[in-house]
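Structure, as structure tokens:
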Amino acid sequence: MSKPRVFSGVQPTGNIHLGNYLGALKQFVELQNTADCIYCIVDMHAITVPQDPEELKSHILDVAALYMAVGLDPEKSILFVQSEVSGHAELSWILTCNSYTGELSRMTQFKAKNKGQESAPAGLFTYPILMAADILLYDTNIVPVGNDQKQHIELCRDIALRINHKYGEDTLVVPEGQYMKEGARIMALDDPTNKMSKSAENEMSRISLLDEPAKIKKAIMRATTDSDAVIKYDPENKPGISNLLTIYGALSDTPIEEIEKKFDGAGYGDLKKELVTVVTESLEPIRERFNSIRYSSELTDILKDGAAKANAIAEPILERVQSRFGLGL
Ligand code: AQP
């Protein structure tokens, strides 16, 4: 039996944080040994909000180097930049013509990002269609993502099923989302009712994989908790402490009950101090590998080679879809 095809991506909108790592990238690395993996740096998604061109270029290479620093191996996985493969935009248009404005306006991420403004870029509205195109362009079976993307994965499936119903059941492969048991949603340190995010204004709300130990310490020691002083996993009533326990457990591969036992009767300060050590020690080797990869001349060669491989897979799939629609000669 052939290996399942895996596709996922990260936006180059800033440095990858613990949420991206624990929700998505950890799965990317694990899947490399059992699946046929394609991992993308989705730069076209990044421009749904204004980006400084120089910064965007540099963030693309940062994310690529971070992919490899966390363990993605270009010998095992295809690593490339989305805008280097034109099929993403081409398939996206076909899917746009088969999506409904009603379903797009129900996307919670759109509602959160556009804030009801008439002047919000239309790309923010159609973003989930481009994401569906990214996935469907490679006949993907599995999409490893954080659970903030669940709604977008469901939309992708709906669009694929709708097109298959109309143009033939084998027009598109209908993918499944895959979510981590722990770490599927890491919350912001300053407000544990919101997810940790690259673009949040407060730097202390997140820990980026490249943060220095002093910044890590400051962000964790300041993390919002509660006044009840019991170290217990209870996301509904104790979202701050539960988030810290999730990060601790996921980075140290320790079940949460074991951490609760370890800190039974201890104070929040004790948990935070030890979490600083766990996070710092986990991120140090990643930072070191990043520094050796980021400025090596090989990085762009790896991405160019990845784009050529991705394009070779995408082209016949796009042609198949175009022909079902009667497009072209
Ligand atoms: N807080 C999170 N917890 C778990 N997983 C998360 N992901 C994002 N935030 C969390 C997962 O990381 C992958 C890459 O995300 P993305 O860069 O494509 O976009 P995003 O979901 O919009 O992430 P950010 O960090 O919040 O970026 P900005 O601020 O630019 O919008 C995805 O699999 C996502 O689920």
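In the structure tokens, chains take letters A, B, ... by order of appearance, with residues numbered from 1 within each chain and ligands from 1 in the order shown.
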Select from chain A every residue with an atom at most 7 Å from any atom of ligand 1, then for each give the shortest pair of atoms and their distance in Å to one decimal, using only C-alpha atoms and all ligand atoms, rows by chain and rising number, as JSON lines.
{"residue": "A:Gly9", "atom": "CA", "partner": "ligand 1", "partner_atom_place_in_ligand_line": "18 (O)", "distance": 6.0}
{"residue": "A:Val10", "atom": "CA", "partner": "ligand 1", "partner_atom_place_in_ligand_line": "18 (O)", "distance": 3.9}
{"residue": "A:Gln11", "atom": "CA", "partner": "ligand 1", "partner_atom_place_in_ligand_line": "17 (O)", "distance": 3.9}
{"residue": "A:Pro12", "atom": "CA", "partner": "ligand 1", "partner_atom_place_in_ligand_line": "17 (O)", "distance": 6.6}
{"residue": "A:Thr13", "atom": "CA", "partner": "ligand 1", "partner_atom_place_in_ligand_line": "30 (O)", "distance": 4.9}
{"residue": "A:Gly14", "atom": "CA", "partner": "ligand 1", "partner_atom_place_in_ligand_line": "30 (O)", "distance": 7.0}
{"residue": "A:Ile16", "atom": "CA", "partner": "ligand 1", "partner_atom_place_in_ligand_line": "25 (O)", "distance": 6.9}
{"residue": "A:His17", "atom": "CA", "partner": "ligand 1", "partner_atom_place_in_ligand_line": "25 (O)", "distance": 6.8}
{"residue": "A:Gly19", "atom": "CA", "partner": "ligand 1", "partner_atom_place_in_ligand_line": "3 (N)", "distance": 3.6}
{"residue": "A:Asn20", "atom": "CA", "partner": "ligand 1", "partner_atom_place_in_ligand_line": "12 (O)", "distance": 3.5}
{"residue": "A:Tyr21", "atom": "CA", "partner": "ligand 1", "partner_atom_place_in_ligand_line": "12 (O)", "distance": 6.8}
{"residue": "A:Leu22", "atom": "CA", "partner": "ligand 1", "partner_atom_place_in_ligand_line": "4 (C)", "distance": 6.1}
{"residue": "A:Gly23", "atom": "CA", "partner": "ligand 1", "partner_atom_place_in_ligand_line": "5 (N)", "distance": 3.6}
{"residue": "A:Ala24", "atom": "CA", "partner": "ligand 1", "partner_atom_place_in_ligand_line": "33 (O)", "distance": 4.8}
{"residue": "A:Pro144", "atom": "CA", "partner": "ligand 1", "partner_atom_place_in_ligand_line": "33 (O)", "distance": 6.6}
{"residue": "A:Val145", "atom": "CA", "partner": "ligand 1", "partner_atom_place_in_ligand_line": "33 (O)", "distance": 3.4}
{"residue": "A:Gly146", "atom": "CA", "partner": "ligand 1", "partner_atom_place_in_ligand_line": "35 (O)", "distance": 3.1}
{"residue": "A:Asn147", "atom": "CA", "partner": "ligand 1", "partner_atom_place_in_ligand_line": "35 (O)", "distance": 5.6}
{"residue": "A:Asp148", "atom": "CA", "partner": "ligand 1", "partner_atom_place_in_ligand_line": "35 (O)", "distance": 5.1}
{"residue": "A:Gln149", "atom": "CA", "partner": "ligand 1", "partner_atom_place_in_ligand_line": "35 (O)", "distance": 4.9}
{"residue": "A:Gly183", "atom": "CA", "partner": "ligand 1", "partner_atom_place_in_ligand_line": "4 (C)", "distance": 5.8}
{"residue": "A:Ala184", "atom": "CA", "partner": "ligand 1", "partner_atom_place_in_ligand_line": "4 (C)", "distance": 4.6}
{"residue": "A:Arg185", "atom": "CA", "partner": "ligand 1", "partner_atom_place_in_ligand_line": "3 (N)", "distance": 3.4}
{"residue": "A:Ile186", "atom": "CA", "partner": "ligand 1", "partner_atom_place_in_ligand_line": "3 (N)", "distance": 3.7}
{"residue": "A:Met187", "atom": "CA", "partner": "ligand 1", "partner_atom_place_in_ligand_line": "1 (N)", "distance": 5.3}
{"residue": "A:Lys195", "atom": "CA", "partner": "ligand 1", "partner_atom_place_in_ligand_line": "1 (N)", "distance": 4.3}
{"residue": "A:Met196", "atom": "CA", "partner": "ligand 1", "partner_atom_place_in_ligand_line": "1 (N)", "distance": 3.9}
{"residue": "A:Ser197", "atom": "CA", "partner": "ligand 1", "partner_atom_place_in_ligand_line": "26 (O)", "distance": 3.5}
{"residue": "A:Lys198", "atom": "CA", "partner": "ligand 1", "partner_atom_place_in_ligand_line": "29 (O)", "distance": 3.9}
{"residue": "A:Ser199", "atom": "CA", "partner": "ligand 1", "partner_atom_place_in_ligand_line": "29 (O)", "distance": 3.6}
{"residue": "A:Ala200", "atom": "CA", "partner": "ligand 1", "partner_atom_place_in_ligand_line": "29 (O)", "distance": 6.1}
Which residues are close to stretch 60-63 of chain A, i.e. within 12 Å by only C-alpha atoms, leaving aside same-chain residues fewer than 2 positions away? Reply as number ranges by chain. A: 9-17, 20-21, 25, 39-46, 51, 53-58, 65-70, 72, 79-84, 208-210, 287, 289-303
Which is closer to A:Leu251 than all the others in A:Ile286, A:Met107, A:Met1, A:Leu18, using only C-alpha atoms?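 Closest residue, counting only C-alpha atoms: A:Leu18.
Residue nearest A:Ala219 within the list A:Ala266, A:Arg157, A:Asn194, A:Lys272: A:Lys272 [criterion: smallest interatomic distance, only C-alpha atoms].
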Excluding same-chain residues fewer than 5 positions from A:Val49, what lies within 9 Å of it counting only C-alpha atoms, as an MDAnalysis selection string? chainID A and resid 120:121 123:124
Per DSSP on the backbone, what are the strand (DSSP E or B) residues of stretch 20-188 of chain A, as a list in words? Asp36, Cys37, Ile38, Tyr39, Cys40, Ile41, Ile78, Leu79, Phe80, Val81, Ile142, Val143, Pro144, Glu176, Gly177, Gln178 and Met187 of chain A
Atoms kept (N, CA, C and O atoms) for selection, written as an mmCIF file, in the first residue's frame:
data_model
loop_
_atom_site.group_PDB
_atom_site.id
_atom_site.type_symbol
_atom_site.label_atom_id
_atom_site.label_comp_id
_atom_site.auth_asym_id
_atom_site.auth_seq_id
_atom_site.Cartn_x
_atom_site.Cartn_y
_atom_site.Cartn_z
ATOM 1 N N ASP A 36 4.069 10.445 3.153
ATOM 2 C CA ASP A 36 4.701 11.177 2.076
ATOM 3 C C ASP A 36 4.354 12.663 2.344
ATOM 4 O O ASP A 36 3.232 13.091 2.103
ATOM 5 N N CYS A 37 5.313 13.395 2.935
ATOM 6 C CA CYS A 37 4.978 14.719 3.512
ATOM 7 C C CYS A 37 5.395 15.903 2.640
ATOM 8 O O CYS A 37 6.512 15.935 2.109
ATOM 9 N N ILE A 38 4.494 16.873 2.559
ATOM 10 C CA ILE A 38 4.761 18.120 1.827
ATOM 11 C C ILE A 38 4.468 19.269 2.791
ATOM 12 O O ILE A 38 3.335 19.409 3.270
ATOM 13 N N TYR A 39 5.495 20.067 3.102
ATOM 14 C CA TYR A 39 5.303 21.180 4.039
ATOM 15 C C TYR A 39 5.661 22.498 3.356
ATOM 16 O O TYR A 39 6.725 22.655 2.763
ATOM 17 N N CYS A 40 4.758 23.436 3.509
ATOM 18 C CA CYS A 40 4.817 24.664 2.734
ATOM 19 C C CYS A 40 4.973 25.872 3.659
ATOM 20 O O CYS A 40 4.521 25.837 4.808
ATOM 21 N N ILE A 41 5.583 26.921 3.136
ATOM 22 C CA ILE A 41 5.604 28.201 3.855
ATOM 23 C C ILE A 41 4.607 29.060 3.088
ATOM 24 O O ILE A 41 4.839 29.409 1.922
ATOM 25 N N ILE A 78 9.090 17.239 1.455
ATOM 26 C CA ILE A 78 9.240 18.332 0.485
ATOM 27 C C ILE A 78 8.986 19.641 1.235
ATOM 28 O O ILE A 78 7.943 19.811 1.873
ATOM 29 N N LEU A 79 9.945 20.556 1.183
ATOM 30 C CA LEU A 79 9.813 21.857 1.855
ATOM 31 C C LEU A 79 9.863 22.936 0.769
ATOM 32 O O LEU A 79 10.803 22.971 -0.027
ATOM 33 N N PHE A 80 8.861 23.805 0.722
ATOM 34 C CA PHE A 80 8.872 24.819 -0.346
ATOM 35 C C PHE A 80 8.019 26.019 0.043
ATOM 36 O O PHE A 80 7.302 26.007 1.049
ATOM 37 N N VAL A 81 8.115 27.060 -0.802
ATOM 38 C CA VAL A 81 7.374 28.304 -0.565
ATOM 39 C C VAL A 81 6.170 28.336 -1.521
ATOM 40 O O VAL A 81 6.318 28.152 -2.733
ATOM 41 N N ILE A 142 -4.018 13.545 4.720
ATOM 42 C CA ILE A 142 -3.990 13.982 6.123
ATOM 43 C C ILE A 142 -3.432 15.402 6.221
ATOM 44 O O ILE A 142 -2.404 15.712 5.614
ATOM 45 N N VAL A 143 -4.109 16.239 7.033
ATOM 46 C CA VAL A 143 -3.630 17.607 7.249
ATOM 47 C C VAL A 143 -3.376 17.801 8.749
ATOM 48 O O VAL A 143 -4.307 17.982 9.533
ATOM 49 N N PRO A 144 -2.098 17.754 9.175
ATOM 50 C CA PRO A 144 -1.804 17.984 10.593
ATOM 51 C C PRO A 144 -1.846 19.484 10.902
ATOM 52 O O PRO A 144 -1.075 20.259 10.343
ATOM 53 N N GLU A 176 -8.521 14.515 5.603
ATOM 54 C CA GLU A 176 -8.926 14.511 7.021
ATOM 55 C C GLU A 176 -7.957 15.421 7.776
ATOM 56 O O GLU A 176 -6.746 15.364 7.523
ATOM 57 N N GLY A 177 -8.472 16.169 8.753
ATOM 58 C CA GLY A 177 -7.592 16.941 9.643
ATOM 59 C C GLY A 177 -7.023 16.011 10.707
ATOM 60 O O GLY A 177 -7.670 15.026 11.065
ATOM 61 N N GLN A 178 -5.827 16.293 11.183
ATOM 62 C CA GLN A 178 -5.261 15.506 12.289
ATOM 63 C C GLN A 178 -4.779 16.460 13.373
ATOM 64 O O GLN A 178 -4.004 17.373 13.096
ATOM 65 N N MET A 187 -2.703 28.498 24.542
ATOM 66 C CA MET A 187 -3.336 29.796 24.741
ATOM 67 C C MET A 187 -2.301 30.900 25.005
ATOM 68 O O MET A 187 -1.158 30.624 25.379
#
Can you measure atom CA of A:Tyr233 to atom CA of A:Glu260 for me? One decimal in Å is fine.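 Taking atom CA of A:Tyr233 and atom CA of A:Glu260, their separation equals 7.6 Å.
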Closest to A:Glu212 among A:Leu244, A:His165, A:Lys262, A:Leu283, using only C-alpha atoms?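 Of A:Leu244, A:His165, A:Lys262, A:Leu283, the one nearest A:Glu212, counting only C-alpha atoms, is A:Leu283.
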Nearest residue to A:Ala314 out of A:Ile135, A:Glu103, A:Cys97, A:Gln32, using only C-alpha atoms? A:Ile135
What is the atom CA of A:Pro4-atom CA of A:Ile94 distance in Å, reported with one decimal?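 The value is 24.9 Å.
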Assign secondary structure with DSSP using the backbone only, and return the residues of stretch 26-226 of chain A in helix (DSSP H, G or I) as a ChimeraX atom specification. /A:26-31,43-46,53-69,82-84,87-96,101-105,108-114,122-136,147-167,203-205,213-221
Taking only C-alpha atoms into account, which of A:Glu258, A:Glu236, A:Glu203, A:Asp253 comes nearest A:Arg222?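 Of all the options, A:Glu203 lies closest to A:Arg222.
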Using only C-alpha atoms, can you tell me which of A:Pro74, A:Pro128, A:Gly168, A:Gly87 comes closest to A:Arg324?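 Checking each candidate against A:Arg324, we get A:Gly168 as the closest.
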